[in-house]
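Student: You'll find structure_5.cif just under this line, and it carries mmCIF, C-alpha atoms; chains and numbers go by the auth columns.
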data_final
#
loop_
_atom_site.group_PDB
_atom_site.id
_atom_site.type_symbol
_atom_site.label_atom_id
_atom_site.label_comp_id
_atom_site.label_asym_id
_atom_site.label_seq_id
_atom_site.Cartn_x
_atom_site.Cartn_y
_atom_site.Cartn_z
_atom_site.B_iso_or_equiv
_atom_site.auth_seq_id
_atom_site.auth_asym_id
ATOM 1 C CA MET A 1 94.548 93.066 90.971 0.00 1 A
ATOM 2 C CA GLU A 2 95.735 90.185 93.110 0.00 2 A
ATOM 3 C CA GLU A 3 92.834 88.629 95.022 0.00 3 A
ATOM 4 C CA ASP A 4 95.013 87.276 97.830 0.00 4 A
ATOM 5 C CA LYS A 5 97.043 90.482 98.222 0.00 5 A
ATOM 6 C CA LYS A 6 96.632 92.153 101.598 0.00 6 A
ATOM 7 C CA VAL A 7 97.557 95.762 102.311 0.00 7 A
ATOM 8 C CA VAL A 8 97.872 97.317 105.741 0.00 8 A
ATOM 9 C CA ALA A 9 98.446 100.997 106.494 0.00 9 A
ATOM 10 C CA LEU A 10 100.162 101.988 109.722 0.00 10 A
ATOM 11 C CA LYS A 11 100.282 105.302 111.546 0.00 11 A
ATOM 12 C CA TYR A 12 103.003 106.232 113.990 0.00 12 A
ATOM 13 C CA LYS A 13 103.809 109.600 115.494 0.00 13 A
ATOM 14 C CA ILE A 14 106.676 109.336 117.951 0.00 14 A
ATOM 15 C CA SER A 15 105.315 112.182 120.077 0.00 15 A
ATOM 16 C CA GLU A 16 101.788 110.746 120.275 0.00 16 A
ATOM 17 C CA ASP A 17 101.841 106.963 119.894 0.00 17 A
ATOM 18 C CA SER A 18 103.426 104.287 122.059 0.00 18 A
ATOM 19 C CA ALA A 19 103.525 101.942 119.040 0.00 19 A
ATOM 20 C CA PRO A 20 102.441 101.980 115.380 0.00 20 A
ATOM 21 C CA LYS A 21 98.707 101.402 114.826 0.00 21 A
ATOM 22 C CA VAL A 22 96.747 99.828 111.993 0.00 22 A
ATOM 23 C CA VAL A 23 94.721 102.622 110.379 0.00 23 A
ATOM 24 C CA ALA A 24 93.556 100.854 107.204 0.00 24 A
ATOM 25 C CA LYS A 25 93.597 97.381 105.742 0.00 25 A
ATOM 26 C CA GLY A 26 92.119 95.617 102.765 0.00 26 A
ATOM 27 C CA ARG A 27 92.243 92.752 100.280 0.00 27 A
ATOM 28 C CA GLY A 28 91.729 92.655 96.552 0.00 28 A
ATOM 29 C CA PHE A 29 90.092 95.811 95.210 0.00 29 A
ATOM 30 C CA LEU A 30 90.332 97.628 98.556 0.00 30 A
ATOM 31 C CA ALA A 31 94.041 96.760 98.783 0.00 31 A
ATOM 32 C CA ASP A 32 94.559 98.319 95.355 0.00 32 A
ATOM 33 C CA LYS A 33 92.703 101.489 96.437 0.00 33 A
ATOM 34 C CA ILE A 34 94.791 101.821 99.613 0.00 34 A
ATOM 35 C CA GLU A 35 97.994 101.406 97.588 0.00 35 A
ATOM 36 C CA GLN A 36 96.794 103.952 95.031 0.00 36 A
ATOM 37 C CA LEU A 37 96.063 106.515 97.758 0.00 37 A
ATOM 38 C CA ALA A 38 99.460 105.914 99.349 0.00 38 A
ATOM 39 C CA LYS A 39 101.199 106.512 96.019 0.00 39 A
ATOM 40 C CA GLU A 40 99.174 109.681 95.385 0.00 40 A
ATOM 41 C CA HIS A 41 100.229 111.042 98.783 0.00 41 A
ATOM 42 C CA GLY A 42 103.880 110.007 98.576 0.00 42 A
ATOM 43 C CA ILE A 43 103.563 107.440 101.354 0.00 43 A
ATOM 44 C CA HIS A 44 106.211 104.708 101.421 0.00 44 A
ATOM 45 C CA ILE A 45 104.979 101.265 100.373 0.00 45 A
ATOM 46 C CA GLU A 46 106.849 98.243 101.691 0.00 46 A
ATOM 47 C CA LYS A 47 106.104 94.937 99.986 0.00 47 A
ATOM 48 C CA ASP A 48 106.397 92.176 102.572 0.00 48 A
ATOM 49 C CA ALA A 49 103.608 89.599 102.274 0.00 49 A
ATOM 50 C CA GLU A 50 104.499 87.813 105.516 0.00 50 A
ATOM 51 C CA LEU A 51 104.449 91.039 107.548 0.00 51 A
ATOM 52 C CA ALA A 52 101.252 92.191 105.809 0.00 52 A
ATOM 53 C CA ASN A 53 99.553 88.890 106.709 0.00 53 A
ATOM 54 C CA SER A 54 100.547 89.296 110.364 0.00 54 A
ATOM 55 C CA LEU A 55 99.385 92.909 110.486 0.00 55 A
ATOM 56 C CA TYR A 56 96.170 92.105 108.628 0.00 56 A
ATOM 57 C CA ARG A 57 95.024 89.949 111.547 0.00 57 A
ATOM 58 C CA LEU A 58 94.954 93.032 113.795 0.00 58 A
ATOM 59 C CA ASN A 59 91.919 95.235 114.295 0.00 59 A
ATOM 60 C CA LEU A 60 91.725 98.812 113.069 0.00 60 A
ATOM 61 C CA ASN A 61 93.337 101.258 115.517 0.00 61 A
ATOM 62 C CA GLN A 62 95.086 98.374 117.264 0.00 62 A
ATOM 63 C CA GLU A 63 98.744 98.858 118.146 0.00 63 A
ATOM 64 C CA ILE A 64 101.104 96.324 116.655 0.00 64 A
ATOM 65 C CA PRO A 65 102.201 93.580 119.078 0.00 65 A
ATOM 66 C CA GLU A 66 105.738 93.493 120.456 0.00 66 A
ATOM 67 C CA GLU A 67 106.698 90.527 118.284 0.00 67 A
ATOM 68 C CA LEU A 68 106.338 92.768 115.188 0.00 68 A
ATOM 69 C CA TYR A 69 108.279 95.745 116.593 0.00 69 A
ATOM 70 C CA GLU A 70 111.586 94.751 115.020 0.00 70 A
ATOM 71 C CA ALA A 71 110.168 94.188 111.527 0.00 71 A
ATOM 72 C CA VAL A 72 108.209 97.449 111.581 0.00 72 A
ATOM 73 C CA ALA A 73 111.109 99.363 113.178 0.00 73 A
ATOM 74 C CA LYS A 74 113.362 98.421 110.240 0.00 74 A
ATOM 75 C CA ILE A 75 110.834 99.903 107.817 0.00 75 A
ATOM 76 C CA LEU A 76 110.382 103.047 109.906 0.00 76 A
ATOM 77 C CA ALA A 77 114.155 103.496 110.194 0.00 77 A
ATOM 78 C CA TYR A 78 114.441 103.264 106.416 0.00 78 A
ATOM 79 C CA ILE A 79 111.652 105.822 105.936 0.00 79 A
ATOM 80 C CA TYR A 80 113.041 108.281 108.493 0.00 80 A
ATOM 81 C CA ASN A 81 116.519 108.079 106.930 0.00 81 A
ATOM 82 C CA PHE A 82 115.264 108.365 103.355 0.00 82 A
#
Could you render the structure as structure tokens?
Tutor:
Amino acid sequence: MEEDKKVVALKYKISEDSAPKVVAKGRGFLADKIEQLAKEHGIHIEKDAELANSLYRLNLNQEIPEELYEAVAKILAYIYNF
């Protein structure tokens, strides 16, 4: 377990959401639990500490700000084409 590791989970449904939203976030033990659940459910995990730090500052259920659209869009494009 890395104490300074931050994990953020996003939700985005094209038909329902205007932008991805933060649905879970955690550090340390909680970060490990979120990662474990993602793996168990086959959810893509992207390791990008800088992006995670930016997203971690957001509140739960908050849409990501426009300045993060491009970074998140690249991840979503990868997932949708996988």
Student: Let me make sure I understand: among A:Val8, A:Glu70, A:Ile45, A:Glu16, which one has the smallest atom-to-atom distance to A:Gly28 if we use all atoms listed in the file?
Tutor: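 Ranked by minimum distance to A:Gly28, first place goes to A:Val8.
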Student: Given the PyMOL selection byres ((chain A and resi 7) around 12) and the file above, list the residues it selects as a ChimeraX atom specification.
Tutor: /A:2-6,8-10,22-38,45-57
Student: Using only C-alpha atoms and a cutoff of 12 Å, can you tell me which residues are near (104.0, 94.1, 119.7) in the file's coordinates, and write them out as number ranges by chain?
Tutor: A: 18-21, 54-55, 58, 62-73
Student: Using all atoms listed in the file, pick whichever of A:Tyr12, A:Asp17, A:Lys74, A:Ile79 has the shortest atom-to-atom distance to A:Gly42.
Tutor: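 Of A:Tyr12, A:Asp17, A:Lys74, A:Ile79, the one nearest A:Gly42 is A:Ile79, counting all atoms listed in the file.
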Student: Report as JSON the centre and the edge lengths, in Å to one decimal, of the axis-aligned box holding every listed atom of stretch 55-71 of chain A, padded by 3 Å on each side.
Tutor:
{"center_x": 101.7, "center_y": 95.6, "center_z": 114.5, "size_x": 25.9, "size_y": 17.3, "size_z": 17.8}
Student: Provide chain A of the preceding structure as a file containing C-alpha atoms, as a PDB file, in the first residue's frame.
Tutor:
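After the write, result-v5.pdb holds the following:
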ATOM      1  CA  MET A   1       0.000   0.000   0.000  1.00  0.00           C
ATOM      2  CA  GLU A   2       1.312   3.398  -1.005  1.00  0.00           C
ATOM      3  CA  GLU A   3       0.264   6.057   1.509  1.00  0.00           C
ATOM      4  CA  ASP A   4       0.449   8.922  -0.984  1.00  0.00           C
ATOM      5  CA  LYS A   5      -1.352   7.033  -3.766  1.00  0.00           C
ATOM      6  CA  LYS A   6      -4.663   8.578  -4.773  1.00  0.00           C
ATOM      7  CA  VAL A   7      -7.356   6.753  -6.724  1.00  0.00           C
ATOM      8  CA  VAL A   8     -10.341   8.363  -8.390  1.00  0.00           C
ATOM      9  CA  ALA A   9     -13.239   6.547 -10.046  1.00  0.00           C
ATOM     10  CA  LEU A  10     -15.175   8.267 -12.810  1.00  0.00           C
ATOM     11  CA  LYS A  11     -18.591   7.536 -14.265  1.00  0.00           C
ATOM     12  CA  TYR A  12     -19.657   8.626 -17.717  1.00  0.00           C
ATOM     13  CA  LYS A  13     -22.673   7.569 -19.728  1.00  0.00           C
ATOM     14  CA  ILE A  14     -22.821   9.422 -23.025  1.00  0.00           C
ATOM     15  CA  SER A  15     -26.624   9.324 -23.082  1.00  0.00           C
ATOM     16  CA  GLU A  16     -27.009  10.636 -19.522  1.00  0.00           C
ATOM     17  CA  ASP A  17     -24.015  12.760 -18.528  1.00  0.00           C
ATOM     18  CA  SER A  18     -22.719  16.019 -19.960  1.00  0.00           C
ATOM     19  CA  ALA A  19     -19.240  15.201 -18.601  1.00  0.00           C
ATOM     20  CA  PRO A  20     -17.569  12.448 -16.550  1.00  0.00           C
ATOM     21  CA  LYS A  21     -18.224  12.650 -12.793  1.00  0.00           C
ATOM     22  CA  VAL A  22     -16.183  11.622  -9.774  1.00  0.00           C
ATOM     23  CA  VAL A  23     -18.047   8.739  -8.123  1.00  0.00           C
ATOM     24  CA  ALA A  24     -15.369   7.518  -5.692  1.00  0.00           C
ATOM     25  CA  LYS A  25     -11.985   8.617  -4.451  1.00  0.00           C
ATOM     26  CA  GLY A  26      -9.542   7.566  -1.789  1.00  0.00           C
ATOM     27  CA  ARG A  27      -5.982   7.487  -0.479  1.00  0.00           C
ATOM     28  CA  GLY A  28      -3.961   4.730   1.096  1.00  0.00           C
ATOM     29  CA  PHE A  29      -6.100   1.797   2.221  1.00  0.00           C
ATOM     30  CA  LEU A  30      -9.255   3.180   0.585  1.00  0.00           C
ATOM     31  CA  ALA A  31      -7.368   3.654  -2.699  1.00  0.00           C
ATOM     32  CA  ASP A  32      -6.340  -0.003  -2.571  1.00  0.00           C
ATOM     33  CA  LYS A  33      -9.964  -1.074  -1.949  1.00  0.00           C
ATOM     34  CA  ILE A  34     -11.251   1.003  -4.879  1.00  0.00           C
ATOM     35  CA  GLU A  35      -8.588  -0.503  -7.155  1.00  0.00           C
ATOM     36  CA  GLN A  36      -9.421  -4.007  -5.935  1.00  0.00           C
ATOM     37  CA  LEU A  37     -13.128  -3.507  -6.678  1.00  0.00           C
ATOM     38  CA  ALA A  38     -12.336  -2.138 -10.131  1.00  0.00           C
ATOM     39  CA  LYS A  39     -10.208  -5.190 -10.926  1.00  0.00           C
ATOM     40  CA  GLU A  40     -12.908  -7.563  -9.651  1.00  0.00           C
ATOM     41  CA  HIS A  41     -15.457  -5.904 -11.944  1.00  0.00           C
ATOM     42  CA  GLY A  42     -13.221  -5.651 -15.007  1.00  0.00           C
ATOM     43  CA  ILE A  43     -13.067  -1.861 -14.882  1.00  0.00           C
ATOM     44  CA  HIS A  44     -10.126  -0.244 -16.678  1.00  0.00           C
ATOM     45  CA  ILE A  45      -7.477   1.240 -14.387  1.00  0.00           C
ATOM     46  CA  GLU A  46      -5.335   4.053 -15.752  1.00  0.00           C
ATOM     47  CA  LYS A  47      -2.226   4.913 -13.756  1.00  0.00           C
ATOM     48  CA  ASP A  48      -1.592   8.639 -14.093  1.00  0.00           C
ATOM     49  CA  ALA A  49      -0.586  10.249 -10.792  1.00  0.00           C
ATOM     50  CA  GLU A  50      -0.816  13.812 -12.112  1.00  0.00           C
ATOM     51  CA  LEU A  51      -4.351  13.309 -13.448  1.00  0.00           C
ATOM     52  CA  ALA A  52      -5.385  11.460 -10.272  1.00  0.00           C
ATOM     53  CA  ASN A  53      -4.133  14.378  -8.147  1.00  0.00           C
ATOM     54  CA  SER A  54      -6.157  16.849 -10.222  1.00  0.00           C
ATOM     55  CA  LEU A  55      -9.293  14.711 -10.074  1.00  0.00           C
ATOM     56  CA  TYR A  56      -8.840  14.023  -6.364  1.00  0.00           C
ATOM     57  CA  ARG A  57      -9.376  17.716  -5.616  1.00  0.00           C
ATOM     58  CA  LEU A  58     -12.938  17.471  -6.960  1.00  0.00           C
ATOM     59  CA  ASN A  59     -15.964  16.654  -4.840  1.00  0.00           C
ATOM     60  CA  LEU A  60     -17.936  13.441  -5.188  1.00  0.00           C
ATOM     61  CA  ASN A  61     -20.522  13.640  -7.990  1.00  0.00           C
ATOM     62  CA  GLN A  62     -18.772  16.702  -9.402  1.00  0.00           C
ATOM     63  CA  GLU A  63     -18.266  16.816 -13.160  1.00  0.00           C
ATOM     64  CA  ILE A  64     -14.683  17.133 -14.288  1.00  0.00           C
ATOM     65  CA  PRO A  65     -13.667  20.668 -15.326  1.00  0.00           C
ATOM     66  CA  GLU A  66     -13.074  21.536 -18.974  1.00  0.00           C
ATOM     67  CA  GLU A  67      -9.307  21.703 -18.504  1.00  0.00           C
ATOM     68  CA  LEU A  68      -9.295  17.924 -17.829  1.00  0.00           C
ATOM     69  CA  TYR A  69     -11.545  16.963 -20.765  1.00  0.00           C
ATOM     70  CA  GLU A  70      -8.682  16.167 -23.124  1.00  0.00           C
ATOM     71  CA  ALA A  71      -6.794  13.950 -20.665  1.00  0.00           C
ATOM     72  CA  VAL A  72      -9.932  12.040 -19.672  1.00  0.00           C
ATOM     73  CA  ALA A  73     -11.160  11.840 -23.288  1.00  0.00           C
ATOM     74  CA  LYS A  74      -7.945  10.038 -24.291  1.00  0.00           C
ATOM     75  CA  ILE A  75      -8.576   7.409 -21.618  1.00  0.00           C
ATOM     76  CA  LEU A  76     -12.234   7.028 -22.578  1.00  0.00           C
ATOM     77  CA  ALA A  77     -11.318   6.703 -26.263  1.00  0.00           C
ATOM     78  CA  TYR A  78      -8.871   3.939 -25.379  1.00  0.00           C
ATOM     79  CA  ILE A  79     -11.499   2.127 -23.290  1.00  0.00           C
ATOM     80  CA  TYR A  80     -14.241   2.417 -25.921  1.00  0.00           C
ATOM     81  CA  ASN A  81     -11.896   1.110 -28.636  1.00  0.00           C
ATOM     82  CA  PHE A  82     -10.519  -1.723 -26.514  1.00  0.00           C
TER      83      PHE A  82
END
